[in-house]
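Below is one structure, written out as structure tokens; comments come after it.
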Amino acid sequence: MKIKSLLTDVLYAVMAGIVVGTAYFFFQNSNGFAPGGVGGLATITHYLLADRISWSILMVAFNLPIFILVSAMIDRKLGGMLIIYMCVQSFLPQLYALLGARPYCLANNGEDFNVVFACIATGVISGFGFSIMLKHFGASGGTYGISALLRKAKPDLNIAYVSFIMDASVVAIAFFVYGMRITPVICTLLNLFIANVIVDHGLSGIKNGYKFEIITANPDPLAQELLQKLHHGVTQLRVHGMYSDTEKYMLICIINKRQIGEMMRILKSHPDTFASFEKVNEVFGNFKRKV
């Protein structure tokens with residue numbers, strides 16, 4: 001069972017590395033802007049050295065010492081997964097180049113190239129890879145490693161500032177490195193923003209829903225209608241209305257986003273009800289979907 005769990009973790013780390021490495025090769029490395037964090041510093045260094053040292057080597061050189069320290073001081077398994085993830089994303093671009101793949105800036109002889117499209121694509125694709133790592137390991141790169149090590153040394157440190165300082169430093173350095181032009185700065189900011197949005201959506205879960213809490217004095221007809229029309233379970237609780245000082249019932253039902261309109265129509269046909277709803281980021285167990 002432990003071997004199966006370990007193999008599953010390795011698979012997730014490799015998959016995340018493939019996704020991020022693909023984004024970096026096709027849309028980021030050759031397009032004059034940098035991602036955030038430690039990877040951004042490696043990209044800027046690669047640009048300054050005018051390709052004398054490969055981007056893959058610099059990524060390993062910048063990240064490997066951090067992940068080794070994470071493995072030794074924080075969590076051995078986590079450090080190992082981060083090393084696998086980093087090696088895959090760092091050397092996959094080399095493999096693409098050996099296979100003759102062409103990055104976005106060179107596709108169609110560069111006729112359709114747009115740096116804004118490149119940073120958007122980088123943010124979307126790499127953000128998906130980051131979300132895989134964060135969801136399964138709680139970490140997605142060198143910035144996390146630095147934050148974890150600093151928190152171990154100083155537990156009361158607000159690590160959110162560490163991430164902000166890292167990303168802000170990359171943005172500031174990018175302005176001077178890329179010819180004091182504002183476009184690379186905007187692209188770096190846009191890339192960071194989009195990647196974070198994708199991460200947030202990835203962490204919120206694909207199997208999400210909306211939880212309705214419905215107060216009614218006559219629960220049975222409403223519950224039966226919800227079961228028949230929405231095909232989701234309904235939970236009934238006995239509650240006490242403090243304003244009216246009467247015994248009532250609460251029905252709890254979690255539905256899909258596209259069923260909200262139908263739920264509203266059902267509730268309007270039961271005027272004695274009071275309802276509220278909220279978004280549920282992830283639903284576990286037997287959550288049937290209407291087809």
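Letters for chains follow the order of the structure tokens (A, B, ...), residue numbers begin at 1 for each chain, and ligand numbers begin at 1 in the order shown.
Assigned to strand (DSSP E) in range 58-257 of chain A, given DSSP computed from backbone atoms, are A:Gly209, A:Tyr210, A:Lys211, A:Phe212, A:Glu213, A:Ile214, A:Ile215, A:Thr216, A:Thr235, A:Gln236, A:Leu237, A:Arg238, A:Val239, A:His240, A:Gly241, A:Thr246, A:Glu247, A:Lys248, A:Tyr249, A:Met250, A:Leu251, A:Ile252, A:Cys253, A:Ile254, A:Ile255.
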Return as a Markdown table the residues of range 32-70 of chain A lying at most 10 Å from range 85-89 of chain A, together with the closest atom-to-atom pair for each and the distance in Å to one decimal, counting only C-alpha atoms, with rows in chain order and ascending residue number.
```
| residue | atom | partner | partner_atom | distance |
| --- | --- | --- | --- | --- |
| A:Gly39 | CA | A:Met86 | CA | 9.8 |
| A:Ser56 | CA | A:Gln89 | CA | 8.4 |
| A:Ile57 | CA | A:Cys87 | CA | 9.6 |
| A:Met59 | CA | A:Met86 | CA | 7.9 |
| A:Val60 | CA | A:Cys87 | CA | 6.9 |
| A:Asn63 | CA | A:Met86 | CA | 7.5 |
| A:Leu64 | CA | A:Met86 | CA | 8.0 |
| A:Phe67 | CA | A:Met86 | CA | 9.1 |
```
Contacts of range 259-264 of chain A within 12 Å, only C-alpha atoms, excl. fewer than 6 positions in-chain, as a tab-separated table (two decimals) with C-alpha atoms, in the first residue's frame:
```
chain	number	residue	atom	x	y	z
A	209	GLY	CA	-21.57	22.74	-5.89
A	210	TYR	CA	-23.98	25.02	-4.06
A	211	LYS	CA	-25.45	24.24	-0.65
A	212	PHE	CA	-29.03	25.38	-0.01
A	213	GLU	CA	-30.38	25.65	3.53
A	214	ILE	CA	-34.17	25.88	3.40
A	222	LEU	CA	-40.71	20.17	-0.81
A	223	ALA	CA	-38.22	17.38	-0.06
A	225	GLU	CA	-39.96	17.59	-5.22
A	226	LEU	CA	-36.25	18.26	-4.71
A	227	LEU	CA	-35.46	14.54	-4.81
A	228	GLN	CA	-37.49	13.94	-7.95
A	229	LYS	CA	-36.45	16.98	-9.98
A	230	LEU	CA	-32.86	17.62	-8.90
A	231	HIS	CA	-31.72	14.03	-8.24
A	232	HIS	CA	-29.66	15.01	-5.21
A	253	CYS	CA	-29.46	20.10	-0.39
A	270	HIS	CA	-43.46	26.89	-1.89
A	271	PRO	CA	-44.01	30.45	-0.60
A	273	THR	CA	-40.05	28.72	2.76
A	274	PHE	CA	-36.99	30.78	3.63
A	275	ALA	CA	-33.72	29.80	1.96
A	276	SER	CA	-30.09	30.79	1.65
A	277	PHE	CA	-27.25	29.23	-0.32
A	278	GLU	CA	-23.46	29.28	-0.51
A	279	LYS	CA	-20.78	27.87	-2.77
A	289	ARG	CA	-24.95	14.83	-11.08
A	290	LYS	CA	-28.01	15.41	-13.21
A	291	VAL	CA	-27.51	14.28	-16.80
```
Report, in Å with one decimal, the straight-line distance from CA of Gly32 in chain A to CA of Tyr96 in chain A. 19.2 Å
May I have a table of the residues of range 149-259 of chain A lying at most 9 Å from range 129-138 of chain A, giving each one's closest pair of atoms and their distance in Å to one decimal, counting only C-alpha atoms, ordered by chain and ascending residue number, as JSON lines?
```
{"residue": "A:Ala195", "atom": "CA", "partner": "A:Phe130", "partner_atom": "CA", "distance": 8.1}
{"residue": "A:Asn196", "atom": "CA", "partner": "A:Phe130", "partner_atom": "CA", "distance": 8.9}
{"residue": "A:Ile198", "atom": "CA", "partner": "A:Ser131", "partner_atom": "CA", "distance": 7.5}
{"residue": "A:Val199", "atom": "CA", "partner": "A:Ser131", "partner_atom": "CA", "distance": 4.7}
{"residue": "A:Asp200", "atom": "CA", "partner": "A:Ser131", "partner_atom": "CA", "distance": 7.7}
{"residue": "A:His201", "atom": "CA", "partner": "A:Ser131", "partner_atom": "CA", "distance": 8.4}
{"residue": "A:Gly202", "atom": "CA", "partner": "A:Ser131", "partner_atom": "CA", "distance": 5.4}
{"residue": "A:Leu203", "atom": "CA", "partner": "A:Lys135", "partner_atom": "CA", "distance": 6.0}
```
Please, could you write that set of residues out with C-alpha atoms as a PDB file, in the first residue's frame?
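Here's the written file part_31.pdb:
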```pdb
ATOM      1  CA  ALA A 195      -1.421  31.638 -12.681  1.00  0.00           C
ATOM      2  CA  ASN A 196      -2.761  32.524  -9.216  1.00  0.00           C
ATOM      3  CA  ILE A 198      -5.932  29.190 -12.107  1.00  0.00           C
ATOM      4  CA  VAL A 199      -4.395  27.854  -8.888  1.00  0.00           C
ATOM      5  CA  ASP A 200      -7.346  29.170  -6.873  1.00  0.00           C
ATOM      6  CA  HIS A 201      -9.796  27.460  -9.235  1.00  0.00           C
ATOM      7  CA  GLY A 202      -7.754  24.273  -9.204  1.00  0.00           C
ATOM      8  CA  LEU A 203      -7.639  24.165  -5.406  1.00  0.00           C
TER       9      LEU A 203
END
```
Determine, counting only C-alpha atoms, which protein, DNA and RNA residues have an atom within 12 Å of an atom of Cys105 in chain A; residues of the same chain fewer than 4 positions away are not included. Present the result as a list in words.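 Listing them by chain and then by number gives Phe25, Phe26, Phe27, Gln28, Asn29, Ser30, Asn31, Gly32, Ala101, Asn109, Gly110, Glu111, Asp112, Phe113, Asn114, Val115, Val116, Phe117, Ala118 and Cys119 of chain A.
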Export, as a CSV table (one decimal), in the first residue's frame, the selected residues with C-alpha atoms.
```
chain,number,residue,atom,x,y,z
A,25,PHE,CA,9.2,25.9,-23.3
A,26,PHE,CA,6.5,26.9,-25.7
A,27,PHE,CA,5.3,30.2,-24.2
A,28,GLN,CA,7.7,31.6,-21.6
A,29,ASN,CA,11.4,31.0,-22.0
A,30,SER,CA,11.9,32.7,-25.4
A,31,ASN,CA,9.5,35.5,-25.1
A,32,GLY,CA,11.2,38.2,-23.0
A,101,ALA,CA,9.6,21.3,-31.3
A,109,ASN,CA,8.0,32.1,-38.7
A,110,GLY,CA,6.8,34.4,-35.9
A,111,GLU,CA,4.1,35.9,-38.0
A,112,ASP,CA,1.3,35.4,-35.4
A,113,PHE,CA,3.5,36.0,-32.3
A,114,ASN,CA,2.0,38.1,-29.6
A,115,VAL,CA,3.8,38.4,-26.2
A,116,VAL,CA,0.6,39.1,-24.3
A,117,PHE,CA,-0.9,35.8,-25.7
A,118,ALA,CA,2.3,34.1,-24.6
A,119,CYS,CA,2.1,35.3,-21.0
```
Can you work out which one of A:Gln236, A:Thr216, A:Ser269, A:Thr188 has the shortest atom-to-atom distance to Gly37 in chain A, counting only C-alpha atoms? A:Thr188
Sel. of alpha helix (DSSP H) residues, range 113-161 of chain A, as a PyMOL selection string: chain A and resi 115-137+142-153+159-161
